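Asks: Sharing work.cif below, mmCIF, C-alpha atoms:
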```
data_final
loop_
_atom_site.label_atom_id
_atom_site.label_comp_id
_atom_site.auth_asym_id
_atom_site.auth_seq_id
_atom_site.Cartn_x
_atom_site.Cartn_y
_atom_site.Cartn_z
CA MET N 1 -30.26 42.60 3.93
CA LYS N 2 -27.28 41.59 6.03
CA SER N 3 -29.26 38.86 7.76
CA HIS N 4 -30.39 37.46 4.39
CA LEU N 5 -26.80 37.33 3.22
CA ALA N 6 -25.79 35.60 6.43
CA ILE N 7 -28.52 32.97 6.00
CA VAL N 8 -27.57 32.36 2.34
CA GLY N 9 -23.91 32.15 3.31
CA ALA N 10 -24.61 29.72 6.12
CA ALA N 11 -26.77 27.56 3.85
CA ALA N 12 -24.09 27.52 1.15
CA LEU N 13 -21.45 26.58 3.72
CA ALA N 14 -23.64 23.81 5.09
CA LEU N 15 -24.27 22.44 1.59
CA ALA N 16 -20.60 22.67 0.73
CA THR N 17 -19.43 20.86 3.83
CA ILE N 18 -22.22 18.39 4.55
CA GLY N 19 -23.54 17.85 1.04
CA CYS N 20 -20.21 16.51 -0.24
CA ALA N 21 -19.73 13.83 2.35
CA ALA N 22 -20.95 10.36 1.55
CA ARG N 23 -23.74 8.95 3.66
CA GLY N 24 -24.41 5.26 3.96
CA LYS N 25 -24.02 2.20 6.11
CA PRO N 26 -21.10 2.22 8.55
CA PHE N 27 -18.04 0.09 7.90
CA GLU N 28 -18.55 -3.61 7.76
CA ARG N 29 -16.16 -6.32 6.68
CA ALA N 30 -16.74 -7.68 3.20
CA ASP N 31 -17.20 -11.38 2.63
CA ALA N 32 -14.70 -12.64 0.10
CA PRO N 33 -15.17 -16.01 -1.57
CA PRO N 34 -12.32 -18.54 -1.38
CA ASP N 35 -9.28 -17.66 -3.51
CA HIS N 36 -10.16 -13.97 -3.32
CA ALA N 37 -8.59 -11.00 -1.56
CA THR N 38 -10.30 -7.83 -0.40
CA ILE N 39 -8.84 -4.41 -1.15
CA TYR N 40 -10.51 -1.68 0.88
CA VAL N 41 -10.07 1.71 -0.76
CA TYR N 42 -11.22 4.41 1.63
CA ARG N 43 -11.29 8.16 1.53
CA PRO N 44 -11.35 9.90 4.91
CA TYR N 45 -13.48 13.01 4.84
CA SER N 46 -11.62 16.16 3.89
CA TYR N 47 -13.03 19.36 2.50
CA ASN N 48 -10.01 19.59 0.18
CA SER N 49 -11.07 18.37 -3.30
CA SER N 50 -14.35 17.10 -1.89
CA LEU N 51 -16.08 17.86 -5.19
CA LEU N 52 -13.71 15.52 -7.02
CA HIS N 53 -14.58 11.86 -7.12
CA PRO N 54 -12.64 10.22 -9.92
CA ALA N 55 -13.18 6.54 -10.56
CA VAL N 56 -10.87 4.21 -8.69
CA GLN N 57 -10.23 1.00 -10.57
CA CYS N 58 -8.97 -2.19 -8.95
CA GLY N 59 -8.89 -5.16 -11.25
CA SER N 60 -11.95 -5.00 -13.47
CA GLU N 61 -14.14 -2.99 -11.09
CA SER N 62 -14.33 0.77 -11.06
CA VAL N 63 -16.01 2.90 -8.38
CA GLU N 64 -16.22 6.62 -7.63
CA ILE N 65 -15.53 7.07 -3.94
CA ARG N 66 -16.90 10.15 -2.24
CA PRO N 67 -15.24 11.83 0.75
CA GLY N 68 -15.97 9.84 3.89
CA ALA N 69 -16.70 6.61 2.03
CA TYR N 70 -14.97 3.36 1.20
CA HIS N 71 -15.40 0.53 -1.24
CA ALA N 72 -14.33 -3.09 -0.82
CA PHE N 73 -12.92 -4.48 -4.03
CA VAL N 74 -13.11 -8.27 -3.92
CA VAL N 75 -10.55 -9.56 -6.39
CA PRO N 76 -9.08 -12.93 -7.33
CA ALA N 77 -5.79 -13.49 -5.51
CA GLY N 78 -2.79 -12.54 -7.61
CA HIS N 79 -1.41 -9.43 -9.18
CA VAL N 80 -3.85 -6.50 -9.03
CA THR N 81 -3.33 -2.91 -10.11
CA CYS N 82 -5.40 -0.14 -8.54
CA ARG N 83 -5.51 3.09 -10.47
CA VAL N 84 -7.02 6.55 -10.18
CA GLY N 85 -6.75 9.39 -12.64
CA GLY N 86 -7.19 13.13 -12.65
CA GLU N 87 -4.75 15.95 -13.27
CA THR N 88 -2.17 13.29 -12.41
CA THR N 89 -2.53 9.54 -12.19
CA ASP N 90 -1.57 7.26 -9.35
CA GLU N 91 -1.43 3.51 -9.48
CA VAL N 92 -0.32 0.87 -7.05
CA ASP N 93 0.43 -2.81 -7.65
CA ILE N 94 -0.73 -5.32 -5.08
CA ASP N 95 0.31 -8.96 -5.09
CA ALA N 96 -2.90 -9.95 -3.42
CA GLU N 97 -2.84 -12.96 -1.13
CA LEU N 98 -5.92 -14.28 0.67
CA ARG N 99 -6.27 -11.40 3.09
CA SER N 100 -7.35 -7.77 3.29
CA TYR N 101 -5.43 -4.77 1.98
CA TYR N 102 -6.08 -1.13 2.70
CA VAL N 103 -5.49 1.80 0.38
CA GLN N 104 -6.23 5.37 1.37
CA GLU N 105 -7.36 7.77 -1.31
CA ARG N 106 -6.47 11.39 -0.68
CA PHE N 107 -5.93 14.49 -2.78
CA ALA N 108 -2.87 16.69 -2.87
CA PHE N 109 -2.96 20.20 -4.27
CA GLY N 110 -2.53 20.35 -8.02
CA LEU N 111 -2.15 23.12 -10.55
CA LEU N 112 -5.77 23.19 -11.74
CA SER N 113 -7.36 20.52 -9.57
CA GLY N 114 -6.41 18.03 -6.89
CA HIS N 115 -3.93 15.23 -7.50
CA PRO N 116 -5.43 11.90 -6.46
CA GLN N 117 -3.22 9.55 -4.48
CA LEU N 118 -3.64 5.89 -3.59
CA ASN N 119 -1.59 5.35 -0.46
CA PRO N 120 -1.06 1.74 0.64
CA MET N 121 -1.63 1.69 4.39
CA ASP N 122 -0.59 -0.40 7.36
CA THR N 123 -3.50 -2.56 8.45
CA ASP N 124 -3.49 -1.30 12.05
CA GLU N 125 -3.69 2.36 11.09
CA ALA N 126 -6.16 1.77 8.27
CA GLN N 127 -8.55 -0.28 10.39
CA VAL N 128 -8.93 2.68 12.71
CA GLU N 129 -9.30 5.27 9.93
CA ILE N 130 -11.80 3.28 7.91
CA GLN N 131 -14.21 3.13 10.85
CA SER N 132 -15.10 6.77 10.15
CA CYS N 133 -16.02 5.95 6.55
CA CYS N 134 -19.33 4.60 5.32
CA VAL N 135 -20.10 2.21 2.49
CA GLN N 136 -19.93 4.03 -0.83
CA PRO N 137 -23.55 4.17 -2.05
CA ARG N 138 -23.91 2.64 -5.55
CA MET Y 139 20.76 1.25 -12.13
CA ALA Y 140 23.73 -0.93 -13.05
CA ALA Y 141 23.28 -3.38 -10.21
CA ASN Y 142 19.87 -4.33 -11.52
CA ASP Y 143 20.78 -4.58 -15.15
CA THR Y 144 20.32 -8.25 -15.90
CA ALA Y 145 22.96 -8.01 -18.63
CA SER Y 146 25.60 -7.19 -16.01
CA VAL Y 147 24.83 -10.02 -13.58
CA ARG Y 148 25.91 -13.62 -13.80
CA PRO Y 149 24.10 -16.68 -12.46
CA LEU Y 150 25.41 -18.47 -9.39
CA PRO Y 151 27.86 -21.31 -10.01
CA PHE Y 152 25.09 -23.77 -9.06
CA LYS Y 153 21.35 -24.12 -9.63
CA GLY Y 154 18.61 -24.25 -7.05
CA THR Y 155 14.88 -24.75 -6.67
CA LEU Y 156 12.63 -21.98 -5.43
CA ILE Y 157 10.58 -23.29 -2.50
CA SER Y 158 9.20 -19.98 -1.30
CA GLY Y 159 8.66 -16.75 -3.19
CA ASN Y 160 7.25 -15.57 -6.48
CA PRO Y 161 9.38 -16.81 -9.42
CA ARG Y 162 8.59 -13.59 -11.32
CA GLU Y 163 9.69 -11.36 -8.44
CA LEU Y 164 13.25 -12.37 -7.69
CA PRO Y 165 16.71 -10.81 -7.68
CA PRO Y 166 18.11 -11.37 -11.19
CA VAL Y 167 20.97 -13.58 -9.96
CA VAL Y 168 18.53 -15.93 -8.24
CA ALA Y 169 16.14 -15.89 -11.20
CA MET Y 170 19.02 -16.91 -13.49
CA SER Y 171 19.99 -19.76 -11.18
CA LEU Y 172 16.67 -21.59 -10.95
CA THR Y 173 16.01 -25.16 -11.88
CA ASN Y 174 13.05 -27.44 -11.29
CA SER Y 175 14.81 -30.03 -9.24
CA SER Y 176 17.89 -29.56 -7.13
CA PRO Y 177 19.05 -30.39 -3.60
CA VAL Y 178 19.78 -26.66 -3.31
CA THR Y 179 16.76 -24.55 -2.38
CA PHE Y 180 16.07 -20.82 -2.42
CA SER Y 181 13.57 -19.11 -0.19
CA TYR Y 182 12.96 -15.44 -0.98
CA ARG Y 183 10.71 -12.95 0.74
CA GLU Y 184 10.17 -9.30 -0.08
CA GLU Y 185 8.11 -6.72 1.78
CA LEU Y 186 7.30 -3.12 1.02
CA THR Y 187 6.15 -0.58 3.54
CA HIS Y 188 4.82 2.82 2.57
CA ASP Y 189 4.76 6.17 4.22
CA GLU Y 190 3.53 9.54 3.10
CA HIS Y 191 4.12 12.96 4.60
CA HIS Y 192 2.47 16.18 3.53
CA ALA Y 193 2.29 19.76 4.60
CA SER Y 194 -0.88 21.00 6.21
CA THR Y 195 -3.70 21.94 3.84
CA LEU Y 196 -3.38 25.61 4.77
CA LEU Y 197 0.38 25.69 4.20
CA SER Y 198 0.03 23.83 0.89
CA ALA Y 199 -2.64 26.28 -0.24
CA ILE Y 200 -0.44 29.27 0.60
CA GLU Y 201 2.56 27.73 -1.16
CA ASN Y 202 0.48 26.96 -4.23
CA LEU Y 203 -0.63 30.57 -4.47
CA THR Y 204 3.00 31.46 -5.24
CA PHE Y 205 3.08 28.89 -8.11
CA ALA Y 206 6.59 28.06 -6.93
CA PRO Y 207 7.60 24.43 -7.40
CA TYR Y 208 7.79 23.65 -3.69
CA PRO Y 209 7.18 20.04 -2.77
CA THR Y 210 3.96 19.73 -0.81
CA GLY Y 211 4.69 16.22 0.39
CA GLU Y 212 6.77 13.13 -0.08
CA TYR Y 213 6.36 9.42 -0.53
CA VAL Y 214 8.62 6.99 1.28
CA VAL Y 215 8.87 3.34 0.31
CA THR Y 216 11.00 0.92 2.29
CA ALA Y 217 11.76 -2.46 0.75
CA PHE Y 218 13.02 -5.36 2.81
CA ALA Y 219 14.21 -8.61 1.29
CA SER Y 220 15.54 -11.85 2.69
CA LEU Y 221 17.01 -14.83 0.91
CA SER Y 222 17.86 -18.19 2.43
CA ILE Y 223 19.84 -20.82 0.57
CA SER Y 224 19.93 -24.39 1.80
CA SER Y 225 21.46 -27.58 0.57
CA ARG Y 226 19.75 -30.84 1.54
CA GLY Y 227 18.00 -28.96 4.32
CA GLN Y 228 21.23 -27.48 5.65
CA PRO Y 229 21.36 -23.65 5.57
CA ILE Y 230 24.40 -22.39 3.68
CA GLY Y 231 23.53 -18.72 3.28
CA ASP Y 232 21.15 -16.10 4.67
CA TYR Y 233 21.01 -12.62 3.18
CA THR Y 234 18.92 -9.59 3.99
CA ALA Y 235 18.76 -6.16 2.45
CA GLN Y 236 16.79 -3.00 3.00
CA THR Y 237 16.43 0.08 0.85
CA ARG Y 238 14.49 3.29 1.30
CA ILE Y 239 13.27 5.41 -1.58
CA THR Y 240 11.99 8.92 -0.99
CA ARG Y 241 10.34 11.09 -3.65
CA PRO Y 242 8.80 14.52 -3.18
CA TYR Y 243 5.65 15.58 -4.95
CA GLY Y 244 4.16 18.97 -5.61
CA MET Y 245 1.54 20.69 -7.65
CA TYR Y 246 3.45 20.26 -10.91
CA SER Y 247 4.28 16.59 -10.69
CA GLN Y 248 3.64 13.51 -8.66
CA PRO Y 249 5.26 10.10 -9.08
CA THR Y 250 3.01 7.05 -8.93
CA HIS Y 251 3.32 4.54 -6.13
CA LYS Y 252 3.99 1.90 -8.78
CA GLU Y 253 7.08 3.79 -9.97
CA LEU Y 254 8.41 4.03 -6.42
CA ASP Y 255 7.60 0.41 -5.65
CA ASP Y 256 9.37 -0.75 -8.81
CA GLU Y 257 12.39 1.35 -7.92
CA ALA Y 258 12.48 0.08 -4.34
CA ARG Y 259 12.13 -3.53 -5.45
CA ALA Y 260 14.89 -3.16 -8.05
CA ALA Y 261 17.17 -1.55 -5.48
CA VAL Y 262 16.66 -4.21 -2.81
CA ARG Y 263 17.09 -7.01 -5.35
CA GLY Y 264 20.26 -5.37 -6.57
CA GLU Y 265 21.52 -5.32 -3.00
CA ILE Y 266 20.82 -9.06 -2.61
CA ASP Y 267 22.52 -9.70 -5.96
CA ARG Y 268 25.64 -7.83 -4.84
CA LYS Y 269 25.81 -9.89 -1.66
CA LEU Y 270 25.38 -13.11 -3.62
CA GLU Y 271 28.07 -12.18 -6.12
CA ALA Y 272 30.48 -11.46 -3.27
CA GLU Y 273 29.64 -14.82 -1.69
CA SER Y 274 29.33 -17.04 -4.75
CA ALA Y 275 32.75 -18.67 -4.33
CA ARG Y 276 32.09 -19.46 -0.66
CA LEU Y 277 28.64 -20.83 -1.49
CA ALA Y 278 30.06 -23.07 -4.18
CA ALA Y 279 32.68 -24.33 -1.73
CA SER Y 280 29.99 -24.99 0.89
CA LEU Y 281 28.07 -27.05 -1.62
CA GLY Y 282 31.17 -29.10 -2.31
CA GLU Y 283 31.43 -29.82 1.40
CA THR Y 284 27.77 -30.75 1.88
CA GLU Y 285 27.64 -33.13 -1.09
#
```
Can the structure in the file be given as structure tokens, please?

Replies:
Amino acid sequence: MKSHLAIVGAAALALATIGCAARGKPFERADAPPDHATIYVYRPYSYNSSLLHPAVQCGSESVEIRPGAYHAFVVPAGHVTCRVGGETTDEVDIDAELRSYYVQERFAFGLLSGHPQLNPMDTDEAQVEIQSCCVQPR
Amino acid sequence: MAANDTASVRPLPFKGTLISGNPRELPPVVAMSLTNSSPVTFSYREELTHDEHHASTLLSAIENLTFAPYPTGEYVVTAFASLSISSRGQPIGDYTAQTRITRPYGMYSQPTHKELDDEARAAVRGEIDRKLEAESARLAASLGETE
């Protein structure tokens, strides 16, 4: 009986930890047409709030990003607002020039569920962190 | 924030043309002193840098179990601004300002980055405005000399 419980427990743990992480192609730079900027929104893997994947909206595009994944939003240069909602909302304004921007999505503890955050990141730090993320499967 | 209240600021005693910077993202004093064609030029640059600190997941989880309103992290936004004023290519004023806004967040509330960014931008523009207001007489005199 004890061994059955151990197997069920181990299987549940494996599903909970592995099953929540996104799987897909490794990071690759997005091709942006002229007059466009690229906003990479990435979510380093964390068990905390891994079952939450609220839609992140940048410009007119909206994508649910799973833990360990990223999405490249290719947007016309200019003023862009990225937004994510949940128990609380976070939004960040980007005056997008013709280059790449990096935003890290993470979750802080909330009252009933995690609070999503969109943290603008320094390019150097983000380019290292995003390497561990895969393309968000569509 | 009184320094950023456009009703409380006055334009410079001269007009200038913006040659670098976003005309919708300027210190109020500069925005009020723009014209399409002038030998006086403004060049404005603004940069924001962001930082975020948070307690470890385990510590946050323990704190949340108490339902006490402890902050579990904080956002830090630093705004840097620089303004150069030239007349007929001759620099007559260079101003820089930096402000740092820190806001904690916890399980009951969390400010948005947009709110912090807006606050940091307003603060750094207010700082530039204050420097310009203190220098406006000297700038006007410099213009008299260069013309």

Asks: Might you pull out every residue within 12 Å of Tyr45 in chain N, with only C-alpha atoms counted and same-chain residues fewer than 4 positions away left off, and present them as a VMD selection string?

Replies: chain N and resid 17 to 23 49 to 51 65 to 70 104 to 107 129 to 134

Asks: Which residues would end up in the selection if the PyMOL selection byres ((chain N and resi 102) around 7) were applied here, given that I need the answer as a list in words?

Replies: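 For this structure, the PyMOL selection byres ((chain N and resi 102) around 7) captures Ile39, Tyr40, Val41, Ser100, Tyr101, Val103, Gln104, Pro120, Met121, Thr123 and Ala126 of chain N.
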
Asks: Report, in Å to a single decimal, how far apart CA of His191 in chain Y and CA of Gly244 in chain Y are.

Replies: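 Here the two named atoms are 11.8 Å from each other.
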
Asks: Between CA of Gln236 in chain Y and CA of Pro151 in chain Y, what distance in Å does the model show, to one decimal?

Replies: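 For CA of Gln236 in chain Y relative to CA of Pro151 in chain Y, the distance reads 25.0 Å.
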
Asks: In Å to one decimal, how far is CA of Pro116 in chain N from CA of Pro249 in chain Y?

Replies: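 We find that CA of Pro249 in chain Y and CA of Pro116 in chain N lie 11.2 Å from each other.
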
Asks: Check every residue of chain N for an atom within 7 Å of chain Y, counting only C-alpha atoms, and provide those that qualify as a list in words.

Replies: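 So the contacting residues turn out to be Thr88, Thr89, Asp90, Glu91, Val92, Asp93, Phe109, Gly110, Leu111, Pro120 and Met121 of chain N.
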
Asks: Can I get the selection written as a JSON list (two decimals), in the coordinates of the input, with C-alpha atoms?

Replies:
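The resulting file, again-v4.json, is shown below:
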```
[["chain", "number", "residue", "atom", "x", "y", "z"],
["N", 88, "THR", "CA", -2.17, 13.29, -12.41],
["N", 89, "THR", "CA", -2.53, 9.54, -12.19],
["N", 90, "ASP", "CA", -1.57, 7.26, -9.35],
["N", 91, "GLU", "CA", -1.43, 3.51, -9.48],
["N", 92, "VAL", "CA", -0.32, 0.87, -7.05],
["N", 93, "ASP", "CA", 0.43, -2.81, -7.65],
["N", 109, "PHE", "CA", -2.96, 20.20, -4.27],
["N", 110, "GLY", "CA", -2.53, 20.35, -8.02],
["N", 111, "LEU", "CA", -2.15, 23.12, -10.55],
["N", 120, "PRO", "CA", -1.06, 1.74, 0.64],
["N", 121, "MET", "CA", -1.63, 1.69, 4.39]]
```

Asks: Could you tell me which residues the PyMOL selection byres ((chain N and resi 94-97) around 7) grabs in this file, written as a list in words?

Replies: Ala37, Ala77, Gly78, His79, Val80, Thr81, Val92, Asp93, Leu98 and Arg99 of chain N

Asks: Take the residues that were just selected and, keeping C-alpha atoms, output them as a PDB file, keeping the file's coordinate frame.

Replies:
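New file out.pdb:
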```
ATOM      1  CA  ALA N  37      -8.590 -11.000  -1.560  1.00  0.00           C
ATOM      2  CA  ALA N  77      -5.790 -13.490  -5.510  1.00  0.00           C
ATOM      3  CA  GLY N  78      -2.790 -12.540  -7.610  1.00  0.00           C
ATOM      4  CA  HIS N  79      -1.410  -9.430  -9.180  1.00  0.00           C
ATOM      5  CA  VAL N  80      -3.850  -6.500  -9.030  1.00  0.00           C
ATOM      6  CA  THR N  81      -3.330  -2.910 -10.110  1.00  0.00           C
ATOM      7  CA  VAL N  92      -0.320   0.870  -7.050  1.00  0.00           C
ATOM      8  CA  ASP N  93       0.430  -2.810  -7.650  1.00  0.00           C
ATOM      9  CA  LEU N  98      -5.920 -14.280   0.670  1.00  0.00           C
ATOM     10  CA  ARG N  99      -6.270 -11.400   3.090  1.00  0.00           C
TER      11      ARG N  99
END
```

Asks: Return the single residue from Y:Arg183, Y:Arg259, Y:Lys269, Y:Arg241 that is closest to Ala217 in chain Y, with distances computed using all atoms listed in the file.

Replies: Y:Arg259

Asks: Near Glu87 in chain N, counting all atoms listed in the file, which residues have an atom at most 7 Å away, once you skip same-chain residues fewer than 2 positions from it, shown as a ChimeraX atom specification?

Replies: /N:85,89,113-115

Asks: Can I get the selection written as a PDB file, in the coordinates of the input, with C-alpha atoms?

Replies:
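After the write, selection36.pdb holds the following:
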```
ATOM      1  CA  GLY N  85      -6.750   9.390 -12.640  1.00  0.00           C
ATOM      2  CA  THR N  89      -2.530   9.540 -12.190  1.00  0.00           C
ATOM      3  CA  SER N 113      -7.360  20.520  -9.570  1.00  0.00           C
ATOM      4  CA  GLY N 114      -6.410  18.030  -6.890  1.00  0.00           C
ATOM      5  CA  HIS N 115      -3.930  15.230  -7.500  1.00  0.00           C
TER       6      HIS N 115
END
```
